[in-house]
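Undergrad: My questions all concern the structure below.
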Amino acid sequence: MKNRLFREILPQVSKPARYTGNEVNMIKKDWKKSRVKMAFAFPDVYEVGMSHLGGKILYGIVNEKSEHLMERAYAPWPDMEEIMRENELPLFSLESFRPLADFDVVGFSLQYELSISNVLNMLDLAGIPLRAEDRDNDSPLIIAGGPVVFNPEPFADFFDAFLIGDGEELIIDFLDCVDNSRSMKKMDKLIELAGIEGVYIPALYEREYGKDGHYKAIKPRFPGVPARVCKRLLRDLDTAYFPDKPILPYMEIIHDRAVLEVMRGCQRGCRFCHAGIVYRPVRERKVSTLRKQAEMQLKHTGYEEISLASLSTLDYSGVNELTRELVREHGEKGIGVSLPSLRVDAFSIDLANEVQKVRKTTLTLAPEAGTQRLRDVINKNVSEEQLFTAVEAAFKSGWLALKLYFMFGLPTESESDLDGIIELLQKVKSIGNRYSKRPVQIRASLACFVPKAHTPFQWQAQNSIEQLEEKRKYMMRNKSKNIKLSFHDSRTSYLEGVIARGDHSLSEVIYRAWQKGCKFDGWTEYFHFDRWMEAFEESAVDPDFYTCRQRSYDEVFPWDFIETGVSKSYLQKENDRATEAKLTADCRYDECSGCGICPFFGIDIDIKEESRHAIKN
Amino acid sequence: MRLRTEYSVGAELKFLSNLDMMHLMERSLRRADIPYALSEGFNPHVKLSMGTVLPVGISGEKEYFDLELSQYMRADDFMQRMNAVLPEKVKIRQSVLIPAQMPSLMKTINSACYSFIVCHQTLDLMNWAAEFLSNDSLIVKSRGKKKDLDKDLRPGIYKVEVKQNKDLSSIDIWVSIGEPVNVRYDELLDIFLKKGFSHDDIVEVYRKANYIKEKGAFYSPLEKVTAS
């Protein structure tokens, strides 16, 4: 197969290096000697999937730390897909070039709601039945993990199991259990797997709906199957596995650099943020651990850049010491350090200057909203003064371009908040012109706010496409010429919103949308909104039901049975405080906000270094 | 201190672009802990300059790069350390010290040899080669910069060597790079297809070597250094 691939297929496709495998540090274990064979499938193209940190961690853990094996597969780009279908070439793994159907387990990473159409397409390309009920014991178990599966119900038809929460320990427990239950019938096997903390098996539950068709409850059908599925929590990040020898791709990928995960979780408490709730509590790594990991990764990859990843790296207690040490140890060899997300304050700019002594291209800041009132509503603890101080510091120290992230369509938003965005950009521009000799470039990226499950805004209505379009036009009319605004597509955001708070009825819609040819929905050139709308209509599902409704506090949500450790009453309290524009402090710097995570798991937030820059924002 | 290195790229890596290959080399230099020199200025980069671009889709037996080092290192030491970390399908064949003022590979390499592995049962390849060389002009649609314009490859064809065997035979063609005409392997393929070969007959194409051609003689970029 490999021969045919290299000789006949690959010369015909764009970017063939996506499909050739055999990269530096790839691990190809002995098929026969390995116990459970799992394919890690990423429902996007190679250069996106290879950039994903979670996949690198799981790949390393399974292959280095267990007797199971893990190989990789990515979504072929449509040109490759066409040729594969023409030649009846099934979707294969990059390690042993085996069809995915040969594996015991195929696990998809769901990072984004709309990648589900690619999951179906990949299963189809692999010749595996799409629906769990059509798969017998001979088919691989099809599972999913990632942030999206904290609301698994929309995808329930397609997966045998969802793995919810941190994967480091969960994946091994799961594969061990698959190995030990080989001889069992599929149902018995599934009941066995449901006993693992963090595993949700949709086939073992029944759903109840009210007369109005609203979801009411989900209940286990068998004894021993948990009524509430609790996410898996990795208690100690510092001692947890992290890959020293990540795969080094031959072709350029999106995040083409070494990565350190300095911490997991974030307690800033931005009320729109999904990751900020589901990955609580904050768990940090020690600077000494990270320095060792950096050294090993650089030694084994030869990367020229190392990135400090987390939800809010500037809040990491050791960020100052770590960046200085990394620059000191590796800077001479021309190896750079990069900070992916910057907090909006002067300290951040100082640190950014420190690590990017040389190249001052674009600096990115995220005020998220245009007025102080609205920033208070979403609990983005940034004052106008902090923002301008940061901008001033940036331009003073030589940055020439600034990119600012905003959201629009936020709860309680009015015209004056949109004006606020435009005014804020004008002020930033004039600060830039004051401090910089060359004309500065200001760009703003505006994302449509999408309410997500498990967040304080899960009760809020999402703006309709029409409302968002009106707001977009309003801002385009009122902005001055020298400021560039780019808007996320309102239709994509709408669909994302439907699925983000959707229920089991969406499985049918998703299936039909895939049948109509939907795939790569996150890529503008392949997004077919009309096909999705047809699929809704044919399934008799009203998408507005999921997005445009203000939901009441007594409504039961289809994701309520997934336990994140953060209490629903806290989310409700936060939603109430939002409408009053009241701030809630970050418990890292201030008092406990009572989200419930620590008592639930019987732990505490885990701060490793004495913070030398304790700034309360 | 400057090193000139000859390396091979196996068929499995024939789909890498020139930029991919450069990244591969730079990252291998770091893994091997080679004392490479960095450029000055705002965006310091490894002083590595690759020879002529190996086209995406074909492998190469003798490709070249020049590297500047910040401190002395023996050429065989360099070779050994690099080969220990390079991917299996890339091998350094030879490295030599070269004078600092030596003109760059890009400026001096002006010829290459492409090898076509064919499995044609009926054609007499000797005759085919003689016929091929007897043409006054060999016109193809350019696949390079002046896309689809007529282009005459003949002035850039220097010699052809045939090794005919029962099953697989090879046709090696020495061509010019840059001046008088830049002959691309895919343009040669087009001529093969016009002159009696089908796609299925051509099993493999690779670049066998790069040369510095002077007064009718073909020197390897390493030879040219040691000679001077």
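Naming works like this for the structure tokens: A, B, ... for the chains as they're shown, residue 1 at the start of each chain, ligands 1 onward in shown order.
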How close does chain A get to chain B? List, as a Markdown table, each residue of chain A within 8 Å, its nearest atom pair and the distance in Å to one decimal, counting only C-alpha atoms.
TA:
| residue | atom | partner | partner_atom | distance |
| --- | --- | --- | --- | --- |
| A:Phe6 | CA | B:Glu12 | CA | 7.7 |
| A:Pro11 | CA | B:Gly57 | CA | 6.6 |
| A:Lys15 | CA | B:Phe15 | CA | 7.8 |
| A:Pro16 | CA | B:Phe15 | CA | 6.1 |
| A:Ala17 | CA | B:Phe15 | CA | 5.8 |
| A:Thr20 | CA | B:Glu12 | CA | 7.6 |
| A:Glu23 | CA | B:Pro87 | CA | 7.7 |
| A:Val24 | CA | B:Pro87 | CA | 6.1 |
| A:Tyr250 | CA | B:Asp20 | CA | 6.0 |
| A:Met251 | CA | B:Asp20 | CA | 5.5 |
| A:Glu252 | CA | B:Asp20 | CA | 6.9 |
| A:Leu298 | CA | B:Arg31 | CA | 7.5 |
| A:Lys299 | CA | B:Arg31 | CA | 5.4 |
| A:His300 | CA | B:Arg31 | CA | 6.1 |
| A:Thr301 | CA | B:Arg31 | CA | 6.4 |
| A:Gly302 | CA | B:Arg27 | CA | 4.2 |
| A:Tyr303 | CA | B:Arg27 | CA | 5.8 |
| A:Glu304 | CA | B:Arg27 | CA | 7.4 |
| A:Lys333 | CA | B:Leu38 | CA | 7.8 |
| A:Gly334 | CA | B:Pro44 | CA | 6.4 |
| A:Val358 | CA | B:Phe42 | CA | 4.9 |
| A:Arg359 | CA | B:Phe42 | CA | 6.0 |
Undergrad: Give the alpha helix (DSSP H) residues of range 236-482 of chain A, as DSSP finds them on the backbone, and put them as a compact mmCIF listing (two decimals) with N, CA and C atoms, in the first residue's frame.
TA:
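And here is the file that came out, out29.txt:
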# COMPACT_ATOMS: atom_id res chain seq x y z
N ALA A 275 -13.31 26.99 28.55
CA ALA A 275 -12.10 26.35 29.07
C ALA A 275 -11.83 26.78 30.51
N GLY A 276 -12.15 28.05 30.81
CA GLY A 276 -11.92 28.59 32.15
C GLY A 276 -12.74 27.88 33.22
N ILE A 277 -13.84 27.26 32.84
CA ILE A 277 -14.63 26.49 33.80
C ILE A 277 -14.23 25.02 33.79
N VAL A 278 -14.22 24.42 32.59
CA VAL A 278 -14.09 22.96 32.56
C VAL A 278 -12.68 22.46 32.92
N VAL A 287 9.14 25.71 37.83
CA VAL A 287 10.10 26.25 36.86
C VAL A 287 11.19 25.22 36.57
N SER A 288 11.64 24.53 37.62
CA SER A 288 12.73 23.56 37.42
C SER A 288 12.27 22.42 36.50
N THR A 289 11.03 21.98 36.67
CA THR A 289 10.50 20.93 35.80
C THR A 289 10.44 21.41 34.35
N LEU A 290 9.96 22.62 34.19
CA LEU A 290 9.79 23.15 32.83
C LEU A 290 11.13 23.38 32.14
N ARG A 291 12.12 23.79 32.91
CA ARG A 291 13.45 24.00 32.31
C ARG A 291 14.01 22.69 31.80
N LYS A 292 13.81 21.64 32.58
CA LYS A 292 14.28 20.32 32.15
C LYS A 292 13.54 19.88 30.89
N GLN A 293 12.22 20.08 30.91
CA GLN A 293 11.42 19.67 29.75
C GLN A 293 11.84 20.45 28.51
N ALA A 294 12.14 21.73 28.68
CA ALA A 294 12.58 22.55 27.55
C ALA A 294 13.88 22.00 26.98
N GLU A 295 14.79 21.69 27.88
CA GLU A 295 16.09 21.21 27.43
C GLU A 295 15.95 19.91 26.64
N MET A 296 15.16 19.00 27.17
CA MET A 296 14.97 17.72 26.50
C MET A 296 14.30 17.88 25.14
N GLN A 297 13.26 18.70 25.12
CA GLN A 297 12.54 18.88 23.86
C GLN A 297 13.42 19.51 22.79
N LEU A 298 14.19 20.52 23.19
CA LEU A 298 15.06 21.19 22.21
C LEU A 298 16.14 20.22 21.72
N LYS A 299 16.65 19.42 22.66
CA LYS A 299 17.70 18.46 22.31
C LYS A 299 17.19 17.45 21.27
N HIS A 300 15.94 17.05 21.42
CA HIS A 300 15.42 15.99 20.55
C HIS A 300 14.72 16.49 19.29
N THR A 301 14.43 17.78 19.24
CA THR A 301 13.76 18.29 18.04
C THR A 301 14.63 19.26 17.25
N VAL A 319 6.42 32.80 35.58
CA VAL A 319 6.61 33.21 34.18
C VAL A 319 7.85 34.07 33.99
N ASN A 320 8.10 34.95 34.95
CA ASN A 320 9.25 35.83 34.86
C ASN A 320 10.56 35.06 34.89
N GLU A 321 10.66 34.23 35.94
CA GLU A 321 11.88 33.46 36.13
C GLU A 321 12.09 32.51 34.95
N LEU A 322 11.02 31.84 34.54
CA LEU A 322 11.14 30.85 33.48
C LEU A 322 11.59 31.49 32.16
N THR A 323 10.95 32.57 31.77
CA THR A 323 11.32 33.17 30.48
C THR A 323 12.77 33.65 30.53
N ARG A 324 13.16 34.29 31.63
CA ARG A 324 14.55 34.77 31.71
C ARG A 324 15.53 33.61 31.64
N GLU A 325 15.23 32.54 32.35
CA GLU A 325 16.12 31.39 32.34
C GLU A 325 16.22 30.77 30.94
N LEU A 326 15.08 30.68 30.28
CA LEU A 326 15.09 30.07 28.94
C LEU A 326 15.88 30.93 27.96
N VAL A 327 15.69 32.23 28.04
CA VAL A 327 16.44 33.13 27.16
C VAL A 327 17.94 33.02 27.46
N ARG A 328 18.26 32.95 28.76
CA ARG A 328 19.66 32.87 29.17
C ARG A 328 20.29 31.56 28.67
N GLU A 329 19.57 30.44 28.84
CA GLU A 329 20.13 29.14 28.49
C GLU A 329 20.20 28.88 26.99
N HIS A 330 19.20 29.37 26.26
CA HIS A 330 19.11 28.96 24.85
C HIS A 330 19.20 30.11 23.86
N ALA A 346 1.04 46.50 31.75
CA ALA A 346 2.40 46.91 31.42
C ALA A 346 3.41 45.79 31.68
N PHE A 347 3.14 44.99 32.72
CA PHE A 347 4.05 43.90 33.02
C PHE A 347 4.20 42.96 31.83
N SER A 348 3.06 42.69 31.21
CA SER A 348 3.07 41.80 30.05
C SER A 348 3.96 42.36 28.95
N ILE A 349 3.84 43.66 28.73
CA ILE A 349 4.63 44.29 27.67
C ILE A 349 6.12 44.21 28.01
N ASP A 350 6.44 44.45 29.29
CA ASP A 350 7.84 44.34 29.70
C ASP A 350 8.38 42.96 29.38
N LEU A 351 7.60 41.96 29.71
CA LEU A 351 8.07 40.59 29.50
C LEU A 351 8.16 40.28 28.00
N ALA A 352 7.19 40.79 27.26
CA ALA A 352 7.21 40.58 25.81
C ALA A 352 8.46 41.22 25.21
N ASN A 353 8.83 42.39 25.73
CA ASN A 353 10.05 43.05 25.27
C ASN A 353 11.27 42.21 25.58
N GLU A 354 11.24 41.63 26.77
CA GLU A 354 12.35 40.82 27.23
C GLU A 354 12.62 39.65 26.29
N VAL A 355 11.57 38.94 25.92
CA VAL A 355 11.77 37.74 25.10
C VAL A 355 11.89 38.06 23.63
N GLN A 372 -16.10 49.91 29.58
CA GLN A 372 -15.81 49.40 30.91
C GLN A 372 -17.00 48.60 31.44
N ARG A 373 -18.20 49.14 31.21
CA ARG A 373 -19.40 48.46 31.69
C ARG A 373 -19.48 47.03 31.15
N LEU A 374 -19.28 46.90 29.85
CA LEU A 374 -19.41 45.58 29.25
C LEU A 374 -18.26 44.65 29.64
N ARG A 375 -17.09 45.23 29.82
CA ARG A 375 -15.98 44.38 30.30
C ARG A 375 -16.27 43.87 31.71
N ASP A 376 -16.97 44.70 32.50
CA ASP A 376 -17.36 44.24 33.83
C ASP A 376 -18.43 43.15 33.73
N VAL A 377 -19.31 43.29 32.76
CA VAL A 377 -20.36 42.27 32.57
C VAL A 377 -19.72 40.90 32.31
N GLU A 384 -9.65 50.56 31.34
CA GLU A 384 -9.22 51.35 30.21
C GLU A 384 -7.79 51.85 30.44
N GLU A 385 -7.54 52.24 31.69
CA GLU A 385 -6.23 52.80 32.04
C GLU A 385 -5.13 51.75 31.83
N GLN A 386 -5.40 50.52 32.29
CA GLN A 386 -4.41 49.44 32.10
C GLN A 386 -4.15 49.21 30.62
N LEU A 387 -5.22 49.23 29.87
CA LEU A 387 -5.09 48.98 28.44
C LEU A 387 -4.22 50.05 27.78
N PHE A 388 -4.52 51.32 28.11
CA PHE A 388 -3.75 52.39 27.47
C PHE A 388 -2.29 52.40 27.94
N THR A 389 -2.09 52.04 29.22
CA THR A 389 -0.71 51.96 29.71
C THR A 389 0.04 50.88 28.93
N ALA A 390 -0.64 49.76 28.71
CA ALA A 390 -0.01 48.66 27.98
C ALA A 390 0.30 49.08 26.54
N VAL A 391 -0.65 49.73 25.92
CA VAL A 391 -0.47 50.16 24.53
C VAL A 391 0.68 51.17 24.43
N GLU A 392 0.70 52.09 25.39
CA GLU A 392 1.75 53.10 25.41
C GLU A 392 3.12 52.43 25.56
N ALA A 393 3.18 51.50 26.51
CA ALA A 393 4.44 50.79 26.74
C ALA A 393 4.87 50.04 25.48
N ALA A 394 3.91 49.46 24.79
CA ALA A 394 4.24 48.69 23.59
C ALA A 394 4.81 49.59 22.50
N PHE A 395 4.16 50.70 22.23
CA PHE A 395 4.62 51.58 21.16
C PHE A 395 5.93 52.27 21.54
N LYS A 396 6.05 52.62 22.81
CA LYS A 396 7.29 53.24 23.27
C LYS A 396 8.47 52.32 23.04
N GLU A 415 -25.72 49.78 21.42
CA GLU A 415 -24.97 50.53 20.41
C GLU A 415 -23.75 51.24 21.01
N SER A 416 -23.92 51.73 22.24
CA SER A 416 -22.81 52.48 22.83
C SER A 416 -21.59 51.58 23.08
N ASP A 417 -21.83 50.27 23.29
CA ASP A 417 -20.70 49.35 23.47
C ASP A 417 -19.95 49.14 22.15
N LEU A 418 -20.72 49.15 21.06
CA LEU A 418 -20.06 49.03 19.75
C LEU A 418 -19.28 50.31 19.44
N ASP A 419 -19.90 51.46 19.77
CA ASP A 419 -19.18 52.73 19.63
C ASP A 419 -17.89 52.68 20.44
N GLY A 420 -18.02 52.03 21.62
CA GLY A 420 -16.87 51.94 22.51
C GLY A 420 -15.69 51.24 21.84
N ILE A 421 -15.97 50.20 21.08
CA ILE A 421 -14.89 49.48 20.39
C ILE A 421 -14.18 50.42 19.41
N ILE A 422 -15.01 51.15 18.64
CA ILE A 422 -14.44 52.05 17.63
C ILE A 422 -13.61 53.16 18.30
N GLU A 423 -14.17 53.72 19.38
CA GLU A 423 -13.45 54.81 20.08
C GLU A 423 -12.15 54.30 20.68
N LEU A 424 -12.23 53.09 21.26
CA LEU A 424 -11.03 52.52 21.86
C LEU A 424 -9.93 52.34 20.81
N LEU A 425 -10.32 51.87 19.65
CA LEU A 425 -9.34 51.66 18.58
C LEU A 425 -8.74 53.00 18.14
N GLN A 426 -9.59 54.03 18.07
CA GLN A 426 -9.10 55.37 17.70
C GLN A 426 -8.06 55.86 18.69
N LYS A 427 -8.37 55.66 19.97
CA LYS A 427 -7.43 56.12 21.01
C LYS A 427 -6.12 55.36 20.91
N VAL A 428 -6.22 54.06 20.70
CA VAL A 428 -5.02 53.24 20.56
C VAL A 428 -4.18 53.75 19.40
N LYS A 429 -4.86 54.06 18.31
CA LYS A 429 -4.19 54.55 17.11
C LYS A 429 -3.47 55.87 17.41
N SER A 430 -4.15 56.77 18.15
CA SER A 430 -3.51 58.06 18.40
C SER A 430 -2.35 57.93 19.38
N ILE A 431 -2.46 56.99 20.32
CA ILE A 431 -1.31 56.73 21.19
C ILE A 431 -0.13 56.25 20.35
N GLY A 432 -0.44 55.36 19.43
CA GLY A 432 0.59 54.82 18.54
C GLY A 432 1.27 55.92 17.76
N ASN A 433 0.48 56.82 17.20
CA ASN A 433 1.05 57.90 16.39
C ASN A 433 1.90 58.84 17.22
N ARG A 434 1.55 58.97 18.50
CA ARG A 434 2.31 59.85 19.38
C ARG A 434 3.70 59.27 19.65
N TYR A 435 3.79 57.95 19.83
CA TYR A 435 5.05 57.37 20.28
C TYR A 435 5.90 56.76 19.17
N ILE A 465 -28.31 35.77 13.48
CA ILE A 465 -27.43 36.14 12.37
C ILE A 465 -27.76 37.57 11.92
N GLU A 466 -29.06 37.89 11.88
CA GLU A 466 -29.47 39.23 11.43
C GLU A 466 -28.94 40.31 12.38
N GLN A 467 -29.08 40.06 13.69
CA GLN A 467 -28.57 41.04 14.66
C GLN A 467 -27.07 41.24 14.50
N LEU A 468 -26.35 40.13 14.34
CA LEU A 468 -24.89 40.21 14.22
C LEU A 468 -24.49 40.96 12.95
N GLU A 469 -25.22 40.69 11.88
CA GLU A 469 -24.91 41.35 10.60
C GLU A 469 -25.17 42.86 10.71
N GLU A 470 -26.27 43.21 11.40
CA GLU A 470 -26.56 44.63 11.58
C GLU A 470 -25.45 45.32 12.37
N LYS A 471 -25.00 44.64 13.41
CA LYS A 471 -23.94 45.22 14.25
C LYS A 471 -22.64 45.35 13.44
N ARG A 472 -22.40 44.36 12.62
CA ARG A 472 -21.19 44.41 11.79
C ARG A 472 -21.24 45.62 10.86
N LYS A 473 -22.38 45.78 10.20
CA LYS A 473 -22.50 46.89 9.26
C LYS A 473 -22.39 48.23 9.99
N TYR A 474 -23.00 48.29 11.17
CA TYR A 474 -22.94 49.52 11.97
C TYR A 474 -21.48 49.90 12.25
N MET A 475 -20.69 48.91 12.66
CA MET A 475 -19.29 49.20 12.98
C MET A 475 -18.49 49.56 11.73
N MET A 476 -18.77 48.88 10.64
CA MET A 476 -18.05 49.19 9.40
C MET A 476 -18.36 50.62 8.93
N ARG A 477 -19.60 51.06 9.15
CA ARG A 477 -19.98 52.43 8.77
C ARG A 477 -19.26 53.46 9.61
N ASN A 478 -19.10 53.15 10.91
CA ASN A 478 -18.62 54.15 11.84
C ASN A 478 -17.11 54.17 12.08
Undergrad: Among range 307-350 of chain A, which ones does DSSP assign to strand (DSSP E or B) (computed from the backbone)? Answer as a list of chain:residue names.
TA: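 Written out, the strand (DSSP E or B) residues of range 307-350 of chain A are A:Ser307, A:Leu308, A:Ala309, A:Gly336, A:Val337, A:Ser338.
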Undergrad: Using only C-alpha atoms, which residues sit within 6 Å of range 93-110 of chain B once same-chain residues fewer than 5 positions away are excluded, as a ChimeraX atom specification?
TA: /B:2-7,51-52,75,176-177,211-212
Undergrad: To one decimal place, how far is CA of Tyr158 in chain B from CA of Met22 in chain B in Å?
TA: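 Here the two named atoms are 29.6 Å from each other.
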Undergrad: Name the closest residue to Val225 in chain B among the candidates B:Asp66, B:Lys47, B:Val140, B:Phe132; distances are taken between atoms, counting only C-alpha atoms.
TA: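 That would be B:Asp66, the residue with the smallest distance to Val225 in chain B.
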Undergrad: Which residues are close to range 179-190 of chain A, i.e. within 12 Å by only C-alpha atoms, leaving aside same-chain residues fewer than 4 positions away? Reply as a ChimeraX atom specification.
TA: /A:34-38,66-69,104-105,132-143,159-162,172-175,194-196,199-205,221-225
Undergrad: Would you output that residue set with N, CA and C atoms, as a short mmCIF file (atom, residue, chain, number, x, y, z; two decimals), in the first residue's frame?
TA:
data_model
loop_
_atom_site.label_atom_id
_atom_site.label_comp_id
_atom_site.auth_asym_id
_atom_site.auth_seq_id
_atom_site.Cartn_x
_atom_site.Cartn_y
_atom_site.Cartn_z
N SER A 34 2.06 -5.52 20.71
CA SER A 34 1.32 -4.51 21.47
C SER A 34 -0.06 -5.04 21.83
N ARG A 35 -0.56 -4.56 22.95
CA ARG A 35 -1.86 -5.08 23.42
C ARG A 35 -2.99 -4.38 22.66
N VAL A 36 -3.47 -3.26 23.16
CA VAL A 36 -4.57 -2.59 22.46
C VAL A 36 -3.98 -1.66 21.40
N LYS A 37 -4.55 -1.72 20.19
CA LYS A 37 -4.09 -0.84 19.11
C LYS A 37 -5.07 0.31 18.96
N MET A 38 -4.57 1.50 19.17
CA MET A 38 -5.45 2.65 19.08
C MET A 38 -4.94 3.61 18.01
N SER A 66 3.04 2.55 28.13
CA SER A 66 2.13 1.40 28.26
C SER A 66 2.49 0.33 27.24
N GLU A 67 1.83 -0.81 27.35
CA GLU A 67 2.08 -1.88 26.38
C GLU A 67 1.13 -1.79 25.20
N HIS A 68 0.32 -0.73 25.17
CA HIS A 68 -0.57 -0.51 24.04
C HIS A 68 0.18 0.32 22.99
N LEU A 69 -0.44 0.47 21.82
CA LEU A 69 0.21 1.34 20.84
C LEU A 69 -0.78 2.37 20.33
N ASP A 104 -8.20 -1.46 17.37
CA ASP A 104 -9.20 -1.81 18.38
C ASP A 104 -10.00 -0.58 18.78
N VAL A 105 -9.32 0.56 18.79
CA VAL A 105 -9.95 1.80 19.22
C VAL A 105 -9.55 2.91 18.26
N ALA A 132 -22.95 4.21 16.18
CA ALA A 132 -22.50 3.20 17.16
C ALA A 132 -23.38 1.95 17.09
N GLU A 133 -24.70 2.15 16.89
CA GLU A 133 -25.60 0.99 16.90
C GLU A 133 -25.37 0.06 15.70
N ASP A 134 -24.72 0.57 14.67
CA ASP A 134 -24.44 -0.27 13.50
C ASP A 134 -23.08 -0.96 13.57
N ARG A 135 -22.40 -0.76 14.67
CA ARG A 135 -21.07 -1.36 14.79
C ARG A 135 -21.11 -2.53 15.76
N ASP A 136 -20.57 -3.66 15.33
CA ASP A 136 -20.53 -4.80 16.25
C ASP A 136 -19.14 -4.90 16.86
N ASN A 137 -18.89 -6.06 17.47
CA ASN A 137 -17.61 -6.24 18.16
C ASN A 137 -16.41 -6.25 17.22
N ASP A 138 -16.65 -6.45 15.93
CA ASP A 138 -15.54 -6.46 14.98
C ASP A 138 -15.07 -5.07 14.61
N SER A 139 -15.94 -4.11 14.76
CA SER A 139 -15.55 -2.72 14.47
C SER A 139 -14.72 -2.18 15.62
N PRO A 140 -13.85 -1.23 15.31
CA PRO A 140 -13.15 -0.58 16.41
C PRO A 140 -14.14 0.17 17.30
N LEU A 141 -13.75 0.36 18.56
CA LEU A 141 -14.53 1.25 19.42
C LEU A 141 -14.22 2.68 18.98
N ILE A 142 -15.26 3.46 18.76
CA ILE A 142 -15.04 4.84 18.32
C ILE A 142 -15.29 5.75 19.51
N ILE A 143 -14.26 6.48 19.91
CA ILE A 143 -14.38 7.32 21.10
C ILE A 143 -13.98 8.76 20.79
N PHE A 159 -20.60 7.82 18.71
CA PHE A 159 -19.48 7.36 19.53
C PHE A 159 -19.90 6.26 20.50
N ASP A 160 -18.98 5.31 20.71
CA ASP A 160 -19.22 4.28 21.71
C ASP A 160 -18.93 4.82 23.10
N ALA A 161 -17.95 5.72 23.18
CA ALA A 161 -17.60 6.28 24.48
C ALA A 161 -17.03 7.68 24.33
N PHE A 162 -17.29 8.50 25.34
CA PHE A 162 -16.66 9.82 25.44
C PHE A 162 -15.72 9.79 26.64
N ILE A 172 -5.05 5.54 29.66
CA ILE A 172 -4.44 4.26 30.01
C ILE A 172 -5.47 3.35 30.70
N ASP A 173 -6.25 3.92 31.64
CA ASP A 173 -7.30 3.13 32.29
C ASP A 173 -8.26 2.56 31.24
N PHE A 174 -8.58 3.41 30.28
CA PHE A 174 -9.53 2.99 29.25
C PHE A 174 -8.97 1.84 28.41
N LEU A 175 -7.75 1.99 27.94
CA LEU A 175 -7.15 0.96 27.09
C LEU A 175 -6.92 -0.34 27.86
N ALA A 194 -17.92 1.85 31.40
CA ALA A 194 -18.64 2.95 32.04
C ALA A 194 -18.24 3.11 33.50
N GLY A 195 -17.60 2.08 34.05
CA GLY A 195 -17.17 2.15 35.44
C GLY A 195 -15.93 3.01 35.66
N ILE A 196 -15.27 3.41 34.57
CA ILE A 196 -14.05 4.22 34.70
C ILE A 196 -14.44 5.69 34.88
N VAL A 199 -15.59 8.38 31.95
CA VAL A 199 -16.10 7.76 30.72
C VAL A 199 -17.63 7.84 30.67
N TYR A 200 -18.13 8.33 29.55
CA TYR A 200 -19.58 8.38 29.32
C TYR A 200 -19.90 7.52 28.11
N ILE A 201 -20.79 6.55 28.30
CA ILE A 201 -21.17 5.63 27.22
C ILE A 201 -22.63 5.92 26.85
N PRO A 202 -22.88 6.63 25.77
CA PRO A 202 -24.25 7.07 25.47
C PRO A 202 -25.25 5.93 25.32
N ALA A 203 -24.81 4.76 24.85
CA ALA A 203 -25.75 3.66 24.60
C ALA A 203 -26.34 3.10 25.89
N LEU A 204 -25.75 3.44 27.03
CA LEU A 204 -26.21 2.87 28.29
C LEU A 204 -27.23 3.76 28.99
N TYR A 205 -27.69 4.79 28.30
CA TYR A 205 -28.61 5.74 28.94
C TYR A 205 -29.88 5.88 28.10
N ARG A 221 -29.52 2.94 32.05
CA ARG A 221 -30.41 1.81 31.82
C ARG A 221 -29.97 0.56 32.57
N PHE A 222 -28.79 0.60 33.13
CA PHE A 222 -28.26 -0.59 33.79
C PHE A 222 -27.71 -0.24 35.16
N PRO A 223 -27.80 -1.17 36.09
CA PRO A 223 -27.21 -0.90 37.41
C PRO A 223 -25.69 -0.77 37.29
N GLY A 224 -25.13 0.07 38.13
CA GLY A 224 -23.67 0.24 38.11
C GLY A 224 -23.20 1.30 37.14
N VAL A 225 -24.10 1.76 36.27
CA VAL A 225 -23.72 2.82 35.34
C VAL A 225 -24.04 4.16 36.02
#
Undergrad: Write out as a list of chain:residue names which residues come within 7 Å of Arg271 in chain A when counting only C-alpha atoms, dropping same-chain ones fewer than 3 positions away.
TA: A:Ile378, A:Asn379, A:Thr455, A:Pro456, A:Phe457
